[in-house]
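Structure file coords-v1.cif with mmCIF, C-alpha atoms:
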```
data_data
loop_
_atom_site.label_atom_id
_atom_site.label_comp_id
_atom_site.auth_asym_id
_atom_site.auth_seq_id
_atom_site.Cartn_x
_atom_site.Cartn_y
_atom_site.Cartn_z
CA MET B 1 154.09 123.09 102.17
CA LYS B 2 154.63 126.67 103.30
CA LYS B 3 154.57 127.34 107.00
CA LEU B 4 153.53 130.62 108.55
CA PRO B 5 156.45 132.84 109.58
CA SER B 6 156.86 132.48 113.32
CA ILE B 7 154.95 135.18 115.16
CA HIS B 8 154.16 135.14 118.82
CA PRO B 9 151.77 132.15 119.18
CA ASP B 10 149.07 134.08 120.98
CA ARG B 11 149.12 136.82 118.36
CA ALA B 12 148.84 134.22 115.61
CA ARG B 13 145.99 132.63 117.46
CA LEU B 14 144.15 135.92 117.79
CA GLN B 15 144.67 136.69 114.12
CA TRP B 16 143.26 133.33 113.13
CA LEU B 17 140.27 133.75 115.39
CA LEU B 18 139.55 137.20 114.01
CA THR B 19 139.70 135.94 110.43
CA LEU B 20 137.34 133.15 111.32
CA ALA B 21 135.13 135.64 113.15
CA VAL B 22 134.76 137.84 110.08
CA VAL B 23 133.88 134.86 107.96
CA CYS B 24 131.40 133.67 110.57
CA LEU B 25 129.80 137.10 110.65
CA VAL B 26 129.12 136.83 106.93
CA MET B 27 127.84 133.28 107.38
CA GLY B 28 125.48 134.39 110.13
CA ALA B 29 124.14 137.14 107.91
CA LEU B 30 123.53 134.74 105.03
CA LEU B 31 121.86 132.22 107.31
CA ALA B 32 119.57 134.95 108.57
CA ILE B 33 118.61 135.90 105.02
CA GLN B 34 117.95 132.27 104.19
CA VAL B 35 115.83 131.70 107.26
CA ARG B 36 113.88 134.89 106.65
CA SER B 37 113.19 134.21 102.99
CA ASN B 38 112.30 130.58 103.29
CA PRO B 39 109.56 129.80 105.78
CA PRO B 40 108.90 126.09 106.45
CA GLN B 41 105.72 125.80 104.40
CA GLU B 42 107.63 126.50 101.22
CA ARG B 43 110.01 123.67 102.03
CA PHE B 44 106.94 121.47 102.37
CA LEU B 45 105.84 122.61 98.94
CA PHE B 46 109.24 121.74 97.49
CA SER B 47 109.14 118.24 98.92
CA ARG B 48 105.47 117.77 98.05
CA PHE B 49 105.83 118.70 94.40
CA GLY B 50 109.17 117.02 93.98
CA VAL B 51 111.14 120.17 93.36
CA THR B 52 114.68 119.20 94.24
CA GLY B 53 116.20 122.53 93.47
CA GLY B 54 116.39 125.33 90.97
CA GLY B 55 115.10 128.86 91.25
CA PRO B 56 112.42 128.94 88.55
CA LEU B 57 110.70 125.76 89.77
CA GLY B 58 110.71 127.02 93.33
CA ALA B 59 109.08 130.20 92.18
CA LEU B 60 106.44 128.27 90.24
CA SER B 61 105.54 126.23 93.33
CA GLN B 62 105.08 129.44 95.23
CA VAL B 63 102.91 130.87 92.48
CA LEU B 64 100.82 127.70 92.47
CA ALA B 65 100.26 127.89 96.22
CA ALA B 66 99.33 131.54 96.04
CA THR B 67 96.91 130.97 93.16
CA GLN B 68 95.23 128.07 94.91
CA LYS B 69 94.74 130.21 97.97
CA GLN B 70 93.24 132.93 95.78
CA VAL B 71 90.83 130.46 94.20
CA GLU B 72 89.64 129.35 97.63
CA GLU B 73 89.07 132.91 98.74
CA GLN B 74 87.22 133.80 95.58
CA ALA B 75 84.98 130.75 95.81
CA ALA B 76 84.00 131.79 99.33
CA GLU B 77 83.26 135.30 98.10
CA ILE B 78 81.08 133.99 95.28
CA ALA B 79 79.07 131.90 97.72
CA ALA B 80 78.52 134.90 99.97
CA LEU B 81 77.46 137.13 97.06
CA ARG B 82 75.02 134.53 95.77
CA LYS B 83 73.45 134.27 99.19
CA GLN B 84 73.04 138.04 99.21
CA THR B 85 71.41 138.05 95.77
CA THR B 86 68.87 135.40 96.71
CA GLU B 87 67.96 137.40 99.79
CA TYR B 88 67.34 140.51 97.71
CA GLU B 89 65.21 138.50 95.31
CA ARG B 90 63.15 137.06 98.13
CA ALA B 91 62.49 140.57 99.38
CA MET B 92 61.45 141.63 95.88
CA ILE B 93 59.05 138.71 95.51
CA ARG B 94 57.30 139.67 98.68
CA GLU B 95 56.82 143.17 97.31
CA LYS B 96 55.51 142.59 93.78
CA ASP B 97 53.63 139.77 92.11
CA ILE B 98 55.05 140.55 88.65
CA THR B 99 58.48 139.45 89.71
CA LYS B 100 57.23 136.08 90.93
CA PRO B 101 57.23 134.30 87.56
CA LEU B 102 60.52 135.97 86.69
CA ALA B 103 62.03 134.80 89.93
CA GLU B 104 60.77 131.29 89.22
CA GLN B 105 62.41 131.38 85.80
CA LEU B 106 65.59 132.58 87.40
CA THR B 107 65.52 129.82 90.01
CA ASN B 108 65.01 127.17 87.36
CA ALA B 109 67.84 128.56 85.31
CA ARG B 110 70.05 128.62 88.37
CA VAL B 111 69.27 125.02 89.25
CA SER B 112 70.13 123.76 85.78
CA LEU B 113 73.28 125.86 85.74
CA GLY B 114 74.29 124.51 89.11
CA LEU B 115 74.51 127.95 90.69
CA THR B 116 72.47 127.04 93.73
CA ALA B 117 72.60 124.20 96.17
CA VAL B 118 69.67 121.86 95.63
CA GLU B 119 67.96 119.10 97.52
CA GLY B 120 65.47 116.39 96.72
CA PRO B 121 65.04 112.66 96.22
CA GLY B 122 67.48 110.73 94.08
CA ILE B 123 70.17 108.10 94.09
CA VAL B 124 73.68 107.70 95.44
CA LEU B 125 76.01 105.68 93.24
CA GLU B 126 79.45 104.65 94.44
CA VAL B 127 81.95 103.23 91.97
CA ASN B 128 85.29 101.80 93.01
CA ASP B 129 88.14 99.98 91.29
CA SER B 130 87.87 96.31 90.44
CA THR B 131 88.78 93.63 92.94
CA LEU B 132 90.38 91.64 90.14
CA SER B 133 94.05 91.78 89.32
CA LEU B 134 96.30 90.12 86.80
CA GLY B 135 98.77 89.28 89.49
CA GLU B 136 101.53 91.08 91.32
CA LYS B 137 103.99 91.11 88.45
CA SER B 138 101.69 92.37 85.73
CA PRO B 139 102.71 95.62 84.02
CA GLN B 140 101.12 98.91 84.99
CA ASP B 141 99.27 99.62 81.73
CA LEU B 142 97.49 96.27 81.75
CA GLU B 143 96.53 96.70 85.40
CA SER B 144 94.83 99.99 84.53
CA VAL B 145 92.03 97.96 82.94
CA PHE B 146 90.83 97.28 86.46
CA LEU B 147 90.79 100.93 87.48
CA VAL B 148 87.99 103.43 87.08
CA HIS B 149 88.82 105.90 84.29
CA ASP B 150 87.50 109.24 83.17
CA PHE B 151 85.50 107.67 80.34
CA ASP B 152 83.70 105.40 82.82
CA LEU B 153 82.70 108.42 84.87
CA LEU B 154 81.65 110.31 81.76
CA GLN B 155 79.49 107.40 80.59
CA ILE B 156 77.81 107.23 83.98
CA THR B 157 77.13 110.96 83.89
CA ASN B 158 75.69 110.56 80.39
CA GLU B 159 73.36 107.80 81.50
CA LEU B 160 72.25 109.79 84.51
CA TRP B 161 71.28 112.77 82.34
CA THR B 162 69.49 110.47 79.92
CA ALA B 163 67.63 108.85 82.76
CA GLY B 164 66.25 112.23 83.73
CA ALA B 165 68.57 113.39 86.49
CA GLU B 166 68.05 117.06 87.24
CA ALA B 167 71.25 117.66 89.15
CA ILE B 168 74.40 115.56 89.47
CA SER B 169 77.45 115.82 91.65
CA LEU B 170 80.64 113.75 91.67
CA ASN B 171 82.67 113.58 94.87
CA GLY B 172 81.13 116.85 95.99
CA GLN B 173 81.66 118.65 92.67
CA ARG B 174 78.52 119.76 90.87
CA ILE B 175 78.36 118.66 87.22
CA VAL B 176 77.31 121.62 85.08
CA GLY B 177 77.50 122.69 81.45
CA GLY B 178 81.18 123.46 81.46
CA THR B 179 82.29 120.63 83.71
CA ALA B 180 85.04 118.41 82.42
CA ILE B 181 85.91 115.02 83.91
CA ARG B 182 89.40 114.09 82.89
CA CYS B 183 92.31 111.86 83.86
CA VAL B 184 95.45 113.80 84.71
CA GLY B 185 98.21 111.30 85.33
CA PRO B 186 97.14 109.06 88.22
CA THR B 187 94.33 111.33 89.42
CA THR B 188 91.00 112.36 88.02
CA GLN B 189 89.91 115.99 87.89
CA VAL B 190 86.41 117.37 88.00
CA ASN B 191 85.97 121.12 87.52
CA GLY B 192 89.71 121.25 87.86
CA VAL B 193 89.56 119.72 91.34
CA PRO B 194 91.46 116.45 91.77
CA ILE B 195 89.45 113.53 93.14
CA THR B 196 90.17 109.88 93.76
CA ALA B 197 88.31 106.61 94.08
CA PRO B 198 85.81 105.74 95.46
CA TYR B 199 83.76 107.87 93.08
CA ARG B 200 80.48 108.97 94.55
CA PHE B 201 77.72 110.21 92.27
CA VAL B 202 74.73 111.93 93.83
CA ALA B 203 71.89 112.56 91.37
CA LEU B 204 68.51 114.16 92.00
CA GLY B 205 65.49 112.84 90.18
CA ASP B 206 62.96 110.04 90.42
CA PRO B 207 64.90 107.40 92.36
CA ASP B 208 63.21 104.41 90.70
CA THR B 209 63.65 105.72 87.15
CA LEU B 210 67.28 106.59 87.76
CA ALA B 211 68.11 103.28 89.38
CA ASN B 212 66.34 101.22 86.72
CA SER B 213 67.99 103.12 83.87
CA LEU B 214 71.41 102.67 85.39
CA ASN B 215 70.85 98.95 85.96
CA LEU B 216 69.79 98.24 82.38
CA PRO B 217 71.69 95.30 80.87
CA GLY B 218 74.35 96.50 78.45
CA GLY B 219 74.80 99.76 80.31
CA VAL B 220 77.87 101.12 82.08
CA LEU B 221 77.16 99.53 85.43
CA ASP B 222 76.54 96.20 83.75
CA ARG B 223 79.88 96.36 82.00
CA LEU B 224 81.71 97.43 85.16
CA ARG B 225 80.04 94.82 87.30
CA SER B 226 81.05 92.08 84.90
CA VAL B 227 84.70 92.92 85.51
CA LYS B 228 84.03 92.95 89.25
CA PHE B 229 84.18 96.70 89.81
CA ARG B 230 82.69 97.57 93.16
CA ILE B 231 79.34 99.28 92.59
CA SER B 232 76.79 100.33 95.16
CA LEU B 233 73.52 102.00 94.22
CA ASP B 234 71.12 103.39 96.80
CA LYS B 235 67.84 105.24 96.45
CA GLU B 236 67.47 108.07 98.90
CA PRO B 237 64.37 110.17 99.64
CA ARG B 238 66.35 113.22 100.57
CA LEU B 239 69.69 114.33 99.18
CA ALA B 240 71.50 117.65 98.97
CA LEU B 241 73.87 118.85 96.30
CA PRO B 242 76.24 121.80 96.52
CA ALA B 243 76.39 124.62 94.01
CA ILE B 244 79.30 124.88 91.64
CA ALA B 245 82.12 126.61 93.42
CA THR B 246 83.34 129.04 90.76
CA ALA B 247 81.36 131.21 88.37
CA LYS B 248 82.04 131.17 84.67
CA LYS B 249 82.51 134.29 82.64
CA PHE B 250 81.52 134.20 78.98
CA GLN B 251 83.89 136.05 76.70
CA TYR B 252 83.05 134.57 73.31
CA ALA B 253 79.48 133.40 73.69
CA ARG B 254 77.06 136.31 73.71
CA PRO B 255 73.29 136.07 73.93
CA VAL B 256 71.49 136.65 70.63
CA GLU B 257 68.94 139.49 70.68
CA SER B 258 65.81 137.65 69.57
CA THR B 259 64.00 140.40 67.57
CA SER B 260 62.64 138.04 64.93
CA ALA B 261 63.03 134.35 64.17
CA ALA B 262 64.40 135.07 60.64
CA LYS B 263 67.20 137.27 61.86
CA SER B 264 68.42 135.00 64.65
CA LYS B 265 69.41 131.91 62.73
CA PRO B 266 71.97 129.80 64.52
CA SER B 267 74.97 128.89 62.40
CA PHE B 268 75.73 125.21 62.51
CA MET R 269 138.88 133.03 123.34
CA PHE R 270 137.66 130.57 120.81
CA LEU R 271 134.12 131.78 121.37
CA ILE R 272 134.84 134.91 119.30
CA PRO R 273 133.84 133.34 115.97
CA VAL R 274 130.69 131.87 117.54
CA VAL R 275 129.74 135.26 118.93
CA ALA R 276 130.42 136.79 115.52
CA LEU R 277 128.13 134.23 113.92
CA ILE R 278 125.34 135.09 116.32
CA ILE R 279 125.84 138.84 115.87
CA GLY R 280 125.77 138.51 112.08
CA PHE R 281 122.65 136.41 112.28
CA LEU R 282 120.75 138.71 114.61
CA LEU R 283 121.77 141.82 112.72
CA ILE R 284 120.36 140.69 109.40
CA TYR R 285 117.42 138.84 110.95
CA ASN R 286 116.16 141.96 112.64
CA LEU R 287 116.76 144.15 109.63
CA ARG R 288 114.16 141.97 107.88
CA PHE R 289 116.35 141.56 104.87
CA PHE R 290 114.31 139.77 102.26
CA LEU R 291 115.52 137.84 99.27
CA PRO R 292 113.12 136.95 96.46
CA ALA R 293 112.12 133.35 97.10
CA ALA R 294 113.28 132.31 93.63
CA TYR R 295 116.86 132.77 94.78
CA ALA R 296 116.45 130.84 98.02
CA ASP R 297 117.96 127.68 96.57
CA TYR R 298 121.06 129.47 95.30
CA LEU R 299 121.59 131.03 98.69
CA ALA R 300 121.22 127.63 100.33
CA ILE R 301 123.95 126.16 98.20
CA ALA R 302 126.16 129.19 98.77
CA ILE R 303 125.76 128.67 102.50
CA LEU R 304 126.77 125.04 102.08
CA ALA R 305 129.89 126.12 100.21
CA GLY R 306 130.60 128.58 103.01
CA LEU R 307 130.30 125.83 105.59
CA ASP R 308 132.71 123.73 103.57
CA SER R 309 135.20 126.61 103.47
CA ILE R 310 134.97 127.10 107.21
CA ALA R 311 135.41 123.40 107.87
CA GLY R 312 138.40 123.41 105.56
CA GLY R 313 139.82 126.45 107.33
CA ILE R 314 139.50 124.88 110.77
CA ARG R 315 141.10 121.72 109.48
CA ALA R 316 143.97 123.66 107.93
CA ARG R 317 144.51 125.50 111.19
CA LEU R 318 144.63 122.28 113.17
CA GLU R 319 147.09 120.80 110.67
CA GLU R 320 149.07 124.05 110.86
CA ASN R 321 148.60 124.65 107.17
CA PHE R 322 146.41 127.68 107.57
CA GLU R 323 146.87 130.50 105.05
CA GLU R 324 144.73 133.51 105.63
CA TYR R 325 144.41 134.68 102.04
CA ILE R 326 143.54 131.24 100.74
CA PHE R 327 140.91 130.88 103.41
CA VAL R 328 139.22 134.23 102.93
CA THR R 329 139.31 134.28 99.13
CA GLY R 330 138.30 130.64 99.03
CA PHE R 331 135.32 131.35 101.24
CA PHE R 332 133.83 134.07 99.03
CA VAL R 333 134.82 132.62 95.69
CA ASN R 334 133.55 129.11 96.53
CA MET R 335 130.19 130.52 97.60
CA ALA R 336 129.87 132.51 94.39
CA LEU R 337 130.97 129.53 92.30
CA ALA R 338 128.51 127.18 93.96
CA ALA R 339 125.61 129.55 93.41
CA PHE R 340 126.76 130.17 89.86
CA LEU R 341 126.99 126.44 89.08
CA ALA R 342 123.49 125.91 90.41
CA TYR R 343 122.22 128.79 88.29
CA LEU R 344 124.05 127.48 85.22
CA GLY R 345 122.53 124.07 85.79
CA ASP R 346 119.08 125.61 85.84
CA ARG R 347 119.66 127.42 82.58
CA MET R 348 121.07 124.33 80.90
CA GLY R 349 118.38 122.04 82.27
CA ILE R 350 120.92 119.79 84.04
CA ASN R 351 120.59 119.36 87.77
CA LEU R 352 124.10 120.65 88.54
CA TYR R 353 122.73 121.71 91.90
CA LEU R 354 122.85 118.06 92.91
CA ALA R 355 126.47 117.67 91.83
CA VAL R 356 127.51 120.69 93.88
CA VAL R 357 125.63 119.39 96.92
CA VAL R 358 127.26 115.97 96.67
CA ALA R 359 130.75 117.39 96.13
CA LEU R 360 130.46 119.85 99.01
CA GLY R 361 128.89 117.26 101.27
CA VAL R 362 131.75 114.85 100.68
CA ARG R 363 134.31 117.57 101.36
CA ILE R 364 132.58 118.68 104.53
CA PHE R 365 132.57 115.15 105.84
CA GLN R 366 136.23 114.67 104.97
CA ASN R 367 137.21 117.93 106.66
CA LEU R 368 135.13 117.22 109.72
CA GLY R 369 136.71 113.80 109.94
CA ARG R 370 140.21 115.26 109.87
CA ILE R 371 139.25 117.90 112.41
CA ARG R 372 137.92 115.20 114.68
CA GLY R 373 141.13 113.23 114.22
CA ARG R 374 143.32 116.21 115.09
CA LEU R 375 141.26 117.23 118.08
CA THR R 376 141.23 113.77 119.61
CA ALA R 377 144.99 113.47 118.97
CA ARG R 378 145.57 116.79 120.77
CA LEU R 379 143.33 115.76 123.61
CA LEU R 380 145.20 112.47 123.99
CA HIS R 381 148.58 114.26 123.82
CA ARG R 382 147.58 116.66 126.57
CA ARG R 383 146.30 113.85 128.77
CA LEU R 384 149.47 111.88 128.11
CA ALA R 385 151.73 114.92 128.76
CA ALA R 386 149.82 115.77 131.94
CA SER R 387 150.10 112.26 133.30
CA GLN R 388 153.80 112.19 132.40
CA THR R 389 154.58 115.47 134.17
CA GLU R 390 152.66 114.18 137.19
CA GLU R 391 154.83 111.12 137.29
CA ILE R 392 157.94 113.26 137.14
#
```

For the file at hand, write its structure as structure tokens.
Amino acid sequence: MKKLPSIHPDRARLQWLLTLAVVCLVMGALLAIQVRSNPPQERFLFSRFGVTGGGPLGALSQVLAATQKQVEEQAAEIAALRKQTTEYERAMIREKDITKPLAEQLTNARVSLGLTAVEGPGIVLEVNDSTLSLGEKSPQDLESVFLVHDFDLLQITNELWTAGAEAISLNGQRIVGGTAIRCVGPTTQVNGVPITAPYRFVALGDPDTLANSLNLPGGVLDRLRSVKFRISLDKEPRLALPAIATAKKFQYARPVESTSAAKSKPSF
Amino acid sequence: MFLIPVVALIIGFLLIYNLRFFLPAAYADYLAIAILAGLDSIAGGIRARLEENFEEYIFVTGFFVNMALAAFLAYLGDRMGINLYLAVVVALGVRIFQNLGRIRGRLTARLLHRRLAASQTEEI
């Protein structure tokens, strides 16, 4: 072990302190950079999405957060623009009678597309996981038999449409032409938005017809009830459904110019 | 006297903080591990000083090289798909604890010696 050559102790002490001071200066600078570049909410993101480290993953979390924020902002903008459009249309209707039937057509189209919020009588159907269980030690995949899955929700949606529902929403998400209900890992997604049990369907239509169709023996609810899934079905005289949050742009599907029936043959 | 390094730390911090130096967030993790390596170097340096083993060149070069190596290992781990980051964190953490333990040992020994020497001189 080498020892330092003997200098005056105070001088040695000062030298050591200065060396340490230089190093600490650099450390302070680095800490400042770190603190500046890494605000607390990103740390939350890292812990939330299980990112334990690594540059590229950290960047992806940031991108995800930014994109989600963008989606929220754009949804708000779409809602505001739609409100504006309906106001213009109302003004137009007051002016001319020709536009009245057109406006009616437009409103109907909008309702079926889910572009406007709607209200009316209908039913509220709540579906929750089964109360049964195979026991504490049963494996995960067998237990999933007692959970509500995407195909259950899709079947219910199917039956609602068949029963004559005019508008359906699931956990606040409007079901429209392009809506997909799918299982992504442990959660279910509707319109890309994750939702969890209990699953709440709100459907507008004739309450009695809807309820009777859903309660038919051999139907979805019958099957679920037999395995003790928790179902509650209520008829309501007045319900409101939100519009679909984001607008869809059509890149590949273009309307056919209907000049004559012979020319516009659909290709199956 | 011994406050000089602390003051230097604060000055370095404030200088860069107010200059609004910004690092792309993707590199934040590498910087974090470099800082950890720096802390380990400093702890090692203080320990060496207390044990009278301090060598300036080893300390200074070790400080910068260890930081670069730690960041590099984390980066390499990312490219390879292995979480080397974790290995570096564990290794540095262990070293920091060891160094801090030895520093604590030395400091308490010195404190006891002084108390003992003081009480002895009083007796005499």

* Tell me, as a count of residues only, which residues lie within 10 Å of Pro186 (chain B), counting only C-alpha atoms; anything in the same chain fewer than 4 positions away does not count. => 3

* Exercise answer, chain R residues close to chain B, 8 Å and only C-alpha atoms, as a VMD selection string -> chain R and resid 270 272 to 285 288 to 300 303 306 310 320 to 324 328 331 342 to 343 346 351 353

* To do: Apply the PyMOL selection byres ((chain B and resi 117) around 6) to the file shown and report the selected residues as a PyMOL selection string.
  => chain B and resi 116+118+241-243

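Distances from R:Asn334, R:Gln388, R:Asn286, R:Thr329 to Ala302 (chain R) were compared using all atoms listed in the file, and the smallest one belongs to R:Asn334.
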
Expansion of the PyMOL selection byres ((chain B and resi 227) around 8) into residues, as a tab-separated table (two decimals) with C-alpha atoms, in the frame of the given file:
```tsv
chain	number	residue	atom	x	y	z
B	130	SER	CA	87.87	96.31	90.44
B	132	LEU	CA	90.38	91.64	90.14
B	146	PHE	CA	90.83	97.28	86.46
B	223	ARG	CA	79.88	96.36	82.00
B	224	LEU	CA	81.71	97.43	85.16
B	225	ARG	CA	80.04	94.82	87.30
B	226	SER	CA	81.05	92.08	84.90
B	228	LYS	CA	84.03	92.95	89.25
B	229	PHE	CA	84.18	96.70	89.81
```

* Given the choices R:Ile326, R:Met348, R:Ala359, R:Leu318, which gets closest to Ala305 (chain R) if the distance is worked out from only C-alpha atoms? ->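 With only C-alpha atoms as the atom set, the closest residue is R:Ala359.
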
* To one decimal in Å, tell me the separation between CA of Thr179 (chain B) and CA of Gln105 (chain B). => 22.7 Å

* Asked: Please, what distance in Å, to one decimal, runs between CA of Leu154 (chain B) and CA of Pro207 (chain B)?
  ->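 It comes out at 20.0 Å.
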
* Asked: Between CA of Val184 (chain B) and CA of Ala65 (chain B), what is the spacing in Å?
  -> 18.8 Å

Which residues, named as in the file, does the PyMOL selection byres ((chain B and resi 153) around 10) pick out? Answer as a compact mmCIF listing (two decimals) with C-alpha atoms, keeping the file's coordinate frame.
```txt
# COMPACT_ATOMS: atom_id res chain seq x y z
CA VAL B 127 81.95 103.23 91.97
CA VAL B 148 87.99 103.43 87.08
CA HIS B 149 88.82 105.90 84.29
CA ASP B 150 87.50 109.24 83.17
CA PHE B 151 85.50 107.67 80.34
CA ASP B 152 83.70 105.40 82.82
CA LEU B 154 81.65 110.31 81.76
CA GLN B 155 79.49 107.40 80.59
CA ILE B 156 77.81 107.23 83.98
CA THR B 157 77.13 110.96 83.89
CA ASN B 158 75.69 110.56 80.39
CA GLU B 159 73.36 107.80 81.50
CA LEU B 170 80.64 113.75 91.67
CA ILE B 181 85.91 115.02 83.91
CA ARG B 182 89.40 114.09 82.89
CA THR B 188 91.00 112.36 88.02
CA TYR B 199 83.76 107.87 93.08
CA ARG B 200 80.48 108.97 94.55
CA PHE B 201 77.72 110.21 92.27
CA VAL B 220 77.87 101.12 82.08
```

* Go through R:Leu375, R:Ile350, R:Ile364, R:Leu341 and flag the residue nearest Leu307 (chain R), using only C-alpha atoms for the distances. =>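 Among the listed residues, the smallest separation from Leu307 (chain R) belongs to R:Ile364.
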